[in-house]
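Novice: The file below is coords-v7.txt, compact mmCIF, N, CA and C atoms:
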```
# COMPACT_ATOMS: atom_id res chain seq x y z
N MET A 1 48.35 164.14 38.95
CA MET A 1 49.12 165.23 39.48
C MET A 1 50.52 164.73 39.88
N LEU A 2 51.51 165.58 39.73
CA LEU A 2 52.88 165.20 40.03
C LEU A 2 53.16 165.25 41.52
N ASN A 3 53.94 164.27 41.97
CA ASN A 3 54.36 164.32 43.37
C ASN A 3 55.60 165.21 43.46
N PRO A 4 55.98 165.64 44.67
CA PRO A 4 57.11 166.56 44.83
C PRO A 4 58.42 166.05 44.23
N LYS A 5 58.69 164.75 44.34
CA LYS A 5 59.94 164.20 43.78
C LYS A 5 59.97 164.35 42.27
N GLU A 6 58.83 164.07 41.62
CA GLU A 6 58.75 164.20 40.17
C GLU A 6 58.92 165.66 39.75
N LEU A 7 58.32 166.55 40.51
CA LEU A 7 58.43 167.98 40.20
C LEU A 7 59.87 168.46 40.32
N ILE A 8 60.56 168.04 41.36
CA ILE A 8 61.97 168.42 41.54
C ILE A 8 62.81 167.85 40.40
N LYS A 9 62.54 166.61 40.00
CA LYS A 9 63.27 165.99 38.89
C LYS A 9 63.05 166.79 37.60
N MET A 10 61.81 167.18 37.35
CA MET A 10 61.50 167.97 36.15
C MET A 10 62.21 169.32 36.19
N GLN A 11 62.26 169.96 37.35
CA GLN A 11 62.92 171.25 37.47
C GLN A 11 64.42 171.12 37.19
N ARG A 12 65.03 170.06 37.69
CA ARG A 12 66.46 169.85 37.44
C ARG A 12 66.73 169.63 35.95
N GLU A 13 65.88 168.82 35.33
CA GLU A 13 66.04 168.55 33.90
C GLU A 13 65.85 169.84 33.08
N ALA A 14 64.89 170.65 33.47
CA ALA A 14 64.65 171.92 32.76
C ALA A 14 65.86 172.84 32.91
N LYS A 15 66.47 172.89 34.09
CA LYS A 15 67.65 173.73 34.29
C LYS A 15 68.82 173.22 33.46
N LYS A 16 68.98 171.90 33.37
CA LYS A 16 70.05 171.34 32.54
C LYS A 16 69.83 171.70 31.08
N MET A 17 68.58 171.60 30.63
CA MET A 17 68.26 171.91 29.24
C MET A 17 68.54 173.38 28.95
N GLN A 18 68.15 174.26 29.87
CA GLN A 18 68.39 175.70 29.71
C GLN A 18 69.89 175.98 29.63
N SER A 19 70.66 175.30 30.44
CA SER A 19 72.11 175.47 30.43
C SER A 19 72.69 175.04 29.09
N ARG A 20 72.23 173.91 28.58
CA ARG A 20 72.71 173.44 27.27
C ARG A 20 72.33 174.41 26.16
N LEU A 21 71.14 175.01 26.26
CA LEU A 21 70.72 175.98 25.26
C LEU A 21 71.63 177.21 25.28
N ARG A 22 72.03 177.63 26.46
CA ARG A 22 72.91 178.80 26.56
C ARG A 22 74.29 178.53 25.97
N GLU A 23 74.72 177.29 25.98
CA GLU A 23 76.03 176.93 25.41
C GLU A 23 76.01 176.93 23.88
N ASN A 24 74.84 176.79 23.29
CA ASN A 24 74.71 176.72 21.85
C ASN A 24 74.70 178.13 21.27
N LYS A 25 75.74 178.48 20.53
CA LYS A 25 75.88 179.82 19.97
C LYS A 25 75.41 179.82 18.51
N ILE A 26 74.58 180.81 18.16
CA ILE A 26 74.02 180.89 16.81
C ILE A 26 74.22 182.31 16.30
N THR A 27 74.65 182.41 15.03
CA THR A 27 74.85 183.71 14.40
C THR A 27 73.80 183.91 13.33
N GLY A 28 73.08 185.02 13.42
CA GLY A 28 72.14 185.42 12.37
C GLY A 28 72.81 186.48 11.52
N GLU A 29 72.61 186.38 10.21
CA GLU A 29 73.32 187.27 9.29
C GLU A 29 72.35 187.85 8.27
N SER A 30 72.52 189.15 7.96
CA SER A 30 71.72 189.76 6.91
C SER A 30 72.13 189.17 5.56
N LYS A 31 71.24 189.29 4.58
CA LYS A 31 71.51 188.69 3.27
C LYS A 31 72.78 189.23 2.63
N ASP A 32 73.07 190.51 2.87
CA ASP A 32 74.28 191.09 2.26
C ASP A 32 75.52 190.92 3.15
N GLY A 33 75.35 190.30 4.32
CA GLY A 33 76.49 190.03 5.20
C GLY A 33 77.02 191.23 5.95
N LYS A 34 76.30 192.35 5.94
CA LYS A 34 76.81 193.57 6.56
C LYS A 34 76.37 193.73 8.01
N LEU A 35 75.57 192.81 8.52
CA LEU A 35 75.16 192.85 9.90
C LEU A 35 75.01 191.43 10.41
N LYS A 36 75.59 191.17 11.58
CA LYS A 36 75.49 189.84 12.19
C LYS A 36 75.09 190.01 13.65
N ILE A 37 74.19 189.16 14.10
CA ILE A 37 73.84 189.15 15.52
C ILE A 37 74.26 187.80 16.09
N PHE A 38 74.74 187.84 17.31
CA PHE A 38 75.21 186.63 17.97
C PHE A 38 74.31 186.40 19.19
N MET A 39 73.63 185.25 19.17
CA MET A 39 72.71 184.91 20.25
C MET A 39 72.94 183.46 20.64
N ASN A 40 72.33 183.06 21.73
CA ASN A 40 72.46 181.66 22.13
C ASN A 40 71.14 180.93 21.92
N GLY A 41 71.16 179.64 22.17
CA GLY A 41 69.98 178.82 21.95
C GLY A 41 68.83 179.13 22.89
N ALA A 42 69.08 179.88 23.95
CA ALA A 42 68.03 180.31 24.87
C ALA A 42 67.43 181.64 24.42
N GLN A 43 67.77 182.06 23.22
CA GLN A 43 67.28 183.29 22.60
C GLN A 43 67.73 184.54 23.34
N GLU A 44 68.92 184.48 23.89
CA GLU A 44 69.49 185.63 24.59
C GLU A 44 70.53 186.30 23.69
N TYR A 45 70.43 187.61 23.56
CA TYR A 45 71.36 188.40 22.76
C TYR A 45 72.73 188.39 23.43
N GLU A 46 73.77 188.20 22.60
CA GLU A 46 75.14 188.23 23.13
C GLU A 46 75.98 189.33 22.53
N ASP A 47 75.90 189.54 21.22
CA ASP A 47 76.74 190.56 20.59
C ASP A 47 76.22 190.85 19.19
N MET A 48 76.84 191.86 18.54
CA MET A 48 76.46 192.24 17.18
C MET A 48 77.70 192.75 16.46
N TRP A 49 77.76 192.48 15.16
CA TRP A 49 78.80 193.05 14.31
C TRP A 49 78.11 193.83 13.20
N ILE A 50 78.58 195.06 12.97
CA ILE A 50 77.96 195.92 11.97
C ILE A 50 79.04 196.46 11.05
N ASP A 51 78.85 196.29 9.75
CA ASP A 51 79.78 196.83 8.76
C ASP A 51 79.69 198.36 8.80
N ASP A 52 80.82 199.01 8.68
CA ASP A 52 80.86 200.48 8.73
C ASP A 52 79.96 201.13 7.69
N ASP A 53 79.76 200.47 6.55
CA ASP A 53 78.93 201.05 5.48
C ASP A 53 77.52 201.39 5.95
N ILE A 54 76.97 200.56 6.82
CA ILE A 54 75.58 200.80 7.21
C ILE A 54 75.45 201.59 8.51
N LEU A 55 76.55 202.11 9.03
CA LEU A 55 76.48 202.96 10.21
C LEU A 55 76.24 204.42 9.86
N ASP A 56 76.32 204.74 8.59
CA ASP A 56 76.05 206.10 8.11
C ASP A 56 74.59 206.45 8.44
N PRO A 57 74.33 207.60 9.06
CA PRO A 57 72.95 207.97 9.41
C PRO A 57 71.99 207.96 8.21
N ASP A 58 72.52 208.19 7.03
CA ASP A 58 71.67 208.17 5.84
C ASP A 58 71.25 206.75 5.46
N MET A 59 71.87 205.76 6.10
CA MET A 59 71.59 204.36 5.77
C MET A 59 70.72 203.69 6.84
N LEU A 60 70.00 204.47 7.63
CA LEU A 60 69.20 203.92 8.73
C LEU A 60 68.19 202.88 8.26
N ASP A 61 67.52 203.14 7.14
CA ASP A 61 66.54 202.17 6.64
C ASP A 61 67.21 200.85 6.28
N ARG A 62 68.38 200.94 5.67
CA ARG A 62 69.11 199.72 5.32
C ARG A 62 69.54 198.98 6.58
N PHE A 63 69.97 199.71 7.60
CA PHE A 63 70.36 199.09 8.86
C PHE A 63 69.18 198.31 9.46
N LYS A 64 68.01 198.94 9.48
CA LYS A 64 66.83 198.27 10.02
C LYS A 64 66.48 197.02 9.23
N LYS A 65 66.59 197.10 7.91
CA LYS A 65 66.32 195.94 7.06
C LYS A 65 67.32 194.81 7.36
N ASN A 66 68.59 195.17 7.46
CA ASN A 66 69.62 194.17 7.74
C ASN A 66 69.41 193.53 9.12
N MET A 67 69.01 194.34 10.09
CA MET A 67 68.77 193.81 11.44
C MET A 67 67.63 192.79 11.40
N LYS A 68 66.58 193.11 10.68
CA LYS A 68 65.43 192.21 10.56
C LYS A 68 65.85 190.91 9.87
N GLU A 69 66.63 191.01 8.81
CA GLU A 69 67.10 189.82 8.08
C GLU A 69 67.99 188.95 8.97
N ALA A 70 68.88 189.59 9.72
CA ALA A 70 69.79 188.84 10.59
C ALA A 70 69.00 188.11 11.68
N PHE A 71 68.00 188.76 12.23
CA PHE A 71 67.21 188.12 13.28
C PHE A 71 66.40 186.95 12.71
N LYS A 72 65.84 187.11 11.53
CA LYS A 72 65.11 186.00 10.89
C LYS A 72 66.05 184.83 10.62
N ASP A 73 67.26 185.13 10.18
CA ASP A 73 68.25 184.08 9.93
C ASP A 73 68.58 183.34 11.22
N TYR A 74 68.75 184.09 12.30
CA TYR A 74 69.00 183.49 13.62
C TYR A 74 67.85 182.57 14.00
N GLN A 75 66.61 183.03 13.83
CA GLN A 75 65.45 182.23 14.21
C GLN A 75 65.39 180.92 13.43
N LYS A 76 65.66 180.97 12.14
CA LYS A 76 65.67 179.75 11.32
C LYS A 76 66.71 178.77 11.83
N LYS A 77 67.91 179.28 12.09
CA LYS A 77 68.99 178.42 12.57
C LYS A 77 68.66 177.84 13.94
N LEU A 78 68.06 178.64 14.80
CA LEU A 78 67.68 178.15 16.12
C LEU A 78 66.66 177.03 16.01
N GLN A 79 65.68 177.20 15.15
CA GLN A 79 64.66 176.16 14.98
C GLN A 79 65.28 174.86 14.48
N LYS A 80 66.22 174.96 13.56
CA LYS A 80 66.91 173.76 13.07
C LYS A 80 67.69 173.08 14.18
N GLU A 81 68.40 173.88 14.99
CA GLU A 81 69.18 173.34 16.10
C GLU A 81 68.27 172.65 17.12
N MET A 82 67.16 173.28 17.42
CA MET A 82 66.25 172.72 18.41
C MET A 82 65.64 171.41 17.91
N ALA A 83 65.28 171.37 16.64
CA ALA A 83 64.71 170.15 16.07
C ALA A 83 65.75 169.04 16.07
N ARG A 84 66.98 169.37 15.76
CA ARG A 84 68.05 168.38 15.71
C ARG A 84 68.36 167.84 17.11
N ASP A 85 68.35 168.72 18.09
CA ASP A 85 68.73 168.34 19.44
C ASP A 85 67.59 167.74 20.25
N MET A 86 66.37 167.84 19.73
CA MET A 86 65.23 167.36 20.50
C MET A 86 65.31 165.84 20.63
N ASP A 87 65.30 165.39 21.84
CA ASP A 87 65.36 163.97 22.16
C ASP A 87 64.03 163.60 22.80
N LEU A 88 63.17 162.94 22.03
CA LEU A 88 61.84 162.62 22.53
C LEU A 88 61.89 161.73 23.78
N ASP A 89 62.85 160.83 23.84
CA ASP A 89 62.96 159.98 25.03
C ASP A 89 63.23 160.82 26.28
N GLN A 90 64.08 161.84 26.12
CA GLN A 90 64.41 162.71 27.25
C GLN A 90 63.15 163.46 27.70
N ILE A 91 62.38 163.94 26.75
CA ILE A 91 61.15 164.67 27.10
C ILE A 91 60.16 163.73 27.78
N LYS A 92 60.03 162.51 27.26
CA LYS A 92 59.13 161.55 27.89
C LYS A 92 59.54 161.23 29.32
N SER A 93 60.86 161.09 29.54
CA SER A 93 61.33 160.78 30.90
C SER A 93 61.07 161.93 31.85
N MET A 94 61.11 163.16 31.34
CA MET A 94 60.82 164.31 32.18
C MET A 94 59.36 164.33 32.60
N LEU A 95 58.49 163.86 31.69
CA LEU A 95 57.06 163.92 31.96
C LEU A 95 56.52 162.70 32.68
N SER A 96 57.30 161.63 32.74
CA SER A 96 56.79 160.42 33.40
C SER A 96 57.36 160.22 34.78
```
Starting from the file, lay out its structure as structure tokens.

Specialist:
Amino acid sequence: MLNPKELIKMQREAKKMQSRLRENKITGESKDGKLKIFMNGAQEYEDMWIDDDILDPDMLDRFKKNMKEAFKDYQKKLQKEMARDMDLDQIKSMLS
């Protein structure tokens, strides 16, 4: 079981990691480039850009498809960023 000092150290490290994740900006984009979502590494939504072509009410299905594609693109990029930034030594020090 962790003692209070170790727990406080882990909490500080977790807050630092969360802060670094928020600084990492990732853009997810639909395959046709007509919709982009802007999120951070903590998976928080920040903004969206939508091409005027898909704002037409008759294009609602296409909008939904583009939104899904952009979010999937964001998720792939986030996973790559997280794998690249993962420092096993840092994780071990947090747990020991």

Novice: Identify which of the residues A:Asp56, A:Arg84, A:Tyr74, A:Gln18 lies closest to Met39 of chain A, counting only N, CA and C atoms when measuring atom-to-atom distances.

Specialist: A:Tyr74

Novice: I need the residues of chain A that end up classed as strand (DSSP E) by DSSP on the backbone, written out as a PDB file with N, CA and C atoms, keeping the file's coordinate frame.

Specialist:
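Everything below was put into result05.pdb:
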```pdb
ATOM      1  N   LYS A  25      75.740 178.480  20.530  1.00  0.00           N
ATOM      2  CA  LYS A  25      75.880 179.820  19.970  1.00  0.00           C
ATOM      3  C   LYS A  25      75.410 179.820  18.510  1.00  0.00           C
ATOM      4  N   ILE A  26      74.580 180.810  18.160  1.00  0.00           N
ATOM      5  CA  ILE A  26      74.020 180.890  16.810  1.00  0.00           C
ATOM      6  C   ILE A  26      74.220 182.310  16.300  1.00  0.00           C
ATOM      7  N   THR A  27      74.650 182.410  15.030  1.00  0.00           N
ATOM      8  CA  THR A  27      74.850 183.710  14.400  1.00  0.00           C
ATOM      9  C   THR A  27      73.800 183.910  13.330  1.00  0.00           C
ATOM     10  N   GLY A  28      73.080 185.020  13.420  1.00  0.00           N
ATOM     11  CA  GLY A  28      72.140 185.420  12.370  1.00  0.00           C
ATOM     12  C   GLY A  28      72.810 186.480  11.520  1.00  0.00           C
ATOM     13  N   GLU A  29      72.610 186.380  10.210  1.00  0.00           N
ATOM     14  CA  GLU A  29      73.320 187.270   9.290  1.00  0.00           C
ATOM     15  C   GLU A  29      72.350 187.850   8.270  1.00  0.00           C
ATOM     16  N   LEU A  35      75.570 192.810   8.520  1.00  0.00           N
ATOM     17  CA  LEU A  35      75.160 192.850   9.900  1.00  0.00           C
ATOM     18  C   LEU A  35      75.010 191.430  10.410  1.00  0.00           C
ATOM     19  N   LYS A  36      75.590 191.170  11.580  1.00  0.00           N
ATOM     20  CA  LYS A  36      75.490 189.840  12.190  1.00  0.00           C
ATOM     21  C   LYS A  36      75.090 190.010  13.650  1.00  0.00           C
ATOM     22  N   ILE A  37      74.190 189.160  14.100  1.00  0.00           N
ATOM     23  CA  ILE A  37      73.840 189.150  15.520  1.00  0.00           C
ATOM     24  C   ILE A  37      74.260 187.800  16.090  1.00  0.00           C
ATOM     25  N   PHE A  38      74.740 187.840  17.310  1.00  0.00           N
ATOM     26  CA  PHE A  38      75.210 186.630  17.970  1.00  0.00           C
ATOM     27  C   PHE A  38      74.310 186.400  19.190  1.00  0.00           C
ATOM     28  N   MET A  39      73.630 185.250  19.170  1.00  0.00           N
ATOM     29  CA  MET A  39      72.710 184.910  20.250  1.00  0.00           C
ATOM     30  C   MET A  39      72.940 183.460  20.640  1.00  0.00           C
ATOM     31  N   ASN A  40      72.330 183.060  21.730  1.00  0.00           N
ATOM     32  CA  ASN A  40      72.460 181.660  22.130  1.00  0.00           C
ATOM     33  C   ASN A  40      71.140 180.930  21.920  1.00  0.00           C
ATOM     34  N   TYR A  45      70.430 187.610  23.560  1.00  0.00           N
ATOM     35  CA  TYR A  45      71.360 188.400  22.760  1.00  0.00           C
ATOM     36  C   TYR A  45      72.730 188.390  23.430  1.00  0.00           C
ATOM     37  N   GLU A  46      73.770 188.200  22.600  1.00  0.00           N
ATOM     38  CA  GLU A  46      75.140 188.230  23.130  1.00  0.00           C
ATOM     39  C   GLU A  46      75.980 189.330  22.530  1.00  0.00           C
ATOM     40  N   ASP A  47      75.900 189.540  21.220  1.00  0.00           N
ATOM     41  CA  ASP A  47      76.740 190.560  20.590  1.00  0.00           C
ATOM     42  C   ASP A  47      76.220 190.850  19.190  1.00  0.00           C
ATOM     43  N   MET A  48      76.840 191.860  18.540  1.00  0.00           N
ATOM     44  CA  MET A  48      76.460 192.240  17.180  1.00  0.00           C
ATOM     45  C   MET A  48      77.700 192.750  16.460  1.00  0.00           C
ATOM     46  N   TRP A  49      77.760 192.480  15.160  1.00  0.00           N
ATOM     47  CA  TRP A  49      78.800 193.050  14.310  1.00  0.00           C
ATOM     48  C   TRP A  49      78.110 193.830  13.200  1.00  0.00           C
ATOM     49  N   ILE A  50      78.580 195.060  12.970  1.00  0.00           N
ATOM     50  CA  ILE A  50      77.960 195.920  11.970  1.00  0.00           C
ATOM     51  C   ILE A  50      79.040 196.460  11.050  1.00  0.00           C
TER      52      ILE A  50
END
```

Novice: DSSP says helix (DSSP H, G or I) for which residues of chain A? Put them as a VMD selection string?

Specialist: chain A and resid 4 to 23 52 to 55 57 to 85 88 to 95

Novice: Set the distance at 10 Å and use only C-alpha atoms: which residues neighbour Ile37 of chain A once local chain neighbours fewer than 5 positions away are removed? I'd like the list as a PyMOL selection string.

Specialist: chain A and resi 26-30+45-50+67+70-71+73-74

Novice: Could you save the residues just selected, with N, CA and C atoms, as an mmCIF file, in the frame of the given file?

Specialist:
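Written output follows (again32.cif):
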```cif
data_model
loop_
_atom_site.group_PDB
_atom_site.id
_atom_site.type_symbol
_atom_site.label_atom_id
_atom_site.label_comp_id
_atom_site.auth_asym_id
_atom_site.auth_seq_id
_atom_site.Cartn_x
_atom_site.Cartn_y
_atom_site.Cartn_z
ATOM 1 N N ILE A 26 74.580 180.810 18.160
ATOM 2 C CA ILE A 26 74.020 180.890 16.810
ATOM 3 C C ILE A 26 74.220 182.310 16.300
ATOM 4 N N THR A 27 74.650 182.410 15.030
ATOM 5 C CA THR A 27 74.850 183.710 14.400
ATOM 6 C C THR A 27 73.800 183.910 13.330
ATOM 7 N N GLY A 28 73.080 185.020 13.420
ATOM 8 C CA GLY A 28 72.140 185.420 12.370
ATOM 9 C C GLY A 28 72.810 186.480 11.520
ATOM 10 N N GLU A 29 72.610 186.380 10.210
ATOM 11 C CA GLU A 29 73.320 187.270 9.290
ATOM 12 C C GLU A 29 72.350 187.850 8.270
ATOM 13 N N SER A 30 72.520 189.150 7.960
ATOM 14 C CA SER A 30 71.720 189.760 6.910
ATOM 15 C C SER A 30 72.130 189.170 5.560
ATOM 16 N N TYR A 45 70.430 187.610 23.560
ATOM 17 C CA TYR A 45 71.360 188.400 22.760
ATOM 18 C C TYR A 45 72.730 188.390 23.430
ATOM 19 N N GLU A 46 73.770 188.200 22.600
ATOM 20 C CA GLU A 46 75.140 188.230 23.130
ATOM 21 C C GLU A 46 75.980 189.330 22.530
ATOM 22 N N ASP A 47 75.900 189.540 21.220
ATOM 23 C CA ASP A 47 76.740 190.560 20.590
ATOM 24 C C ASP A 47 76.220 190.850 19.190
ATOM 25 N N MET A 48 76.840 191.860 18.540
ATOM 26 C CA MET A 48 76.460 192.240 17.180
ATOM 27 C C MET A 48 77.700 192.750 16.460
ATOM 28 N N TRP A 49 77.760 192.480 15.160
ATOM 29 C CA TRP A 49 78.800 193.050 14.310
ATOM 30 C C TRP A 49 78.110 193.830 13.200
ATOM 31 N N ILE A 50 78.580 195.060 12.970
ATOM 32 C CA ILE A 50 77.960 195.920 11.970
ATOM 33 C C ILE A 50 79.040 196.460 11.050
ATOM 34 N N MET A 67 69.010 194.340 10.090
ATOM 35 C CA MET A 67 68.770 193.810 11.440
ATOM 36 C C MET A 67 67.630 192.790 11.400
ATOM 37 N N ALA A 70 68.880 189.590 9.720
ATOM 38 C CA ALA A 70 69.790 188.840 10.590
ATOM 39 C C ALA A 70 69.000 188.110 11.680
ATOM 40 N N PHE A 71 68.000 188.760 12.230
ATOM 41 C CA PHE A 71 67.210 188.120 13.280
ATOM 42 C C PHE A 71 66.400 186.950 12.710
ATOM 43 N N ASP A 73 67.260 185.130 10.180
ATOM 44 C CA ASP A 73 68.250 184.080 9.930
ATOM 45 C C ASP A 73 68.580 183.340 11.220
ATOM 46 N N TYR A 74 68.750 184.090 12.300
ATOM 47 C CA TYR A 74 69.000 183.490 13.620
ATOM 48 C C TYR A 74 67.850 182.570 14.000
#
```

Novice: For Asp53 of chain A, work out the shell of residues within 10 Å, counting only C-alpha atoms and skipping chain neighbours fewer than 6 positions away, then give it as a compact mmCIF listing (two decimals) with N, CA and C atoms, in the coordinates of the input.

Specialist:
```txt
# COMPACT_ATOMS: atom_id res chain seq x y z
N LYS A 34 76.30 192.35 5.94
CA LYS A 34 76.81 193.57 6.56
C LYS A 34 76.37 193.73 8.01
N MET A 59 71.87 205.76 6.10
CA MET A 59 71.59 204.36 5.77
C MET A 59 70.72 203.69 6.84
N ARG A 62 68.38 200.94 5.67
CA ARG A 62 69.11 199.72 5.32
C ARG A 62 69.54 198.98 6.58
N PHE A 63 69.97 199.71 7.60
CA PHE A 63 70.36 199.09 8.86
C PHE A 63 69.18 198.31 9.46
```

Novice: Can you pull out the residues contacting Leu21 of chain A? Cut-off 8 Å, using all atoms listed in the file, and skip same-chain residues under 3 positions away; I want them as a CSV table (one decimal) with N, CA and C atoms, keeping the file's coordinate frame.

Specialist:
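The resulting file, selection09.csv, is shown below:
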```csv
chain,number,residue,atom,x,y,z
A,15,LYS,N,66.5,172.9,34.1
A,15,LYS,CA,67.6,173.7,34.3
A,15,LYS,C,68.8,173.2,33.5
A,16,LYS,N,69.0,171.9,33.4
A,16,LYS,CA,70.0,171.3,32.5
A,16,LYS,C,69.8,171.7,31.1
A,17,MET,N,68.6,171.6,30.6
A,17,MET,CA,68.3,171.9,29.2
A,17,MET,C,68.5,173.4,29.0
A,18,GLN,N,68.2,174.3,29.9
A,18,GLN,CA,68.4,175.7,29.7
A,18,GLN,C,69.9,176.0,29.6
A,24,ASN,N,74.8,176.8,23.3
A,24,ASN,CA,74.7,176.7,21.8
A,24,ASN,C,74.7,178.1,21.3
A,25,LYS,N,75.7,178.5,20.5
A,25,LYS,CA,75.9,179.8,20.0
A,25,LYS,C,75.4,179.8,18.5
A,39,MET,N,73.6,185.2,19.2
A,39,MET,CA,72.7,184.9,20.2
A,39,MET,C,72.9,183.5,20.6
A,40,ASN,N,72.3,183.1,21.7
A,40,ASN,CA,72.5,181.7,22.1
A,40,ASN,C,71.1,180.9,21.9
A,41,GLY,N,71.2,179.6,22.2
A,41,GLY,CA,70.0,178.8,22.0
A,41,GLY,C,68.8,179.1,22.9
A,42,ALA,N,69.1,179.9,24.0
A,42,ALA,CA,68.0,180.3,24.9
A,42,ALA,C,67.4,181.6,24.4
A,43,GLN,N,67.8,182.1,23.2
A,43,GLN,CA,67.3,183.3,22.6
A,43,GLN,C,67.7,184.5,23.3
A,44,GLU,N,68.9,184.5,23.9
A,44,GLU,CA,69.5,185.6,24.6
A,44,GLU,C,70.5,186.3,23.7
```

Novice: Please report the interatomic distance between atom CA of Lys64 of chain A and atom CA of Lys76 of chain A in Å with one decimal.

Specialist: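 Distance between the two atoms: 18.6 Å.
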
Novice: Can you tell me how far atom CA of Glu13 of chain A sits from atom N of Asp85 of chain A, in Å to one decimal?

Specialist: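 Separating atom CA of Glu13 of chain A from atom N of Asp85 of chain A is a distance of 16.0 Å.
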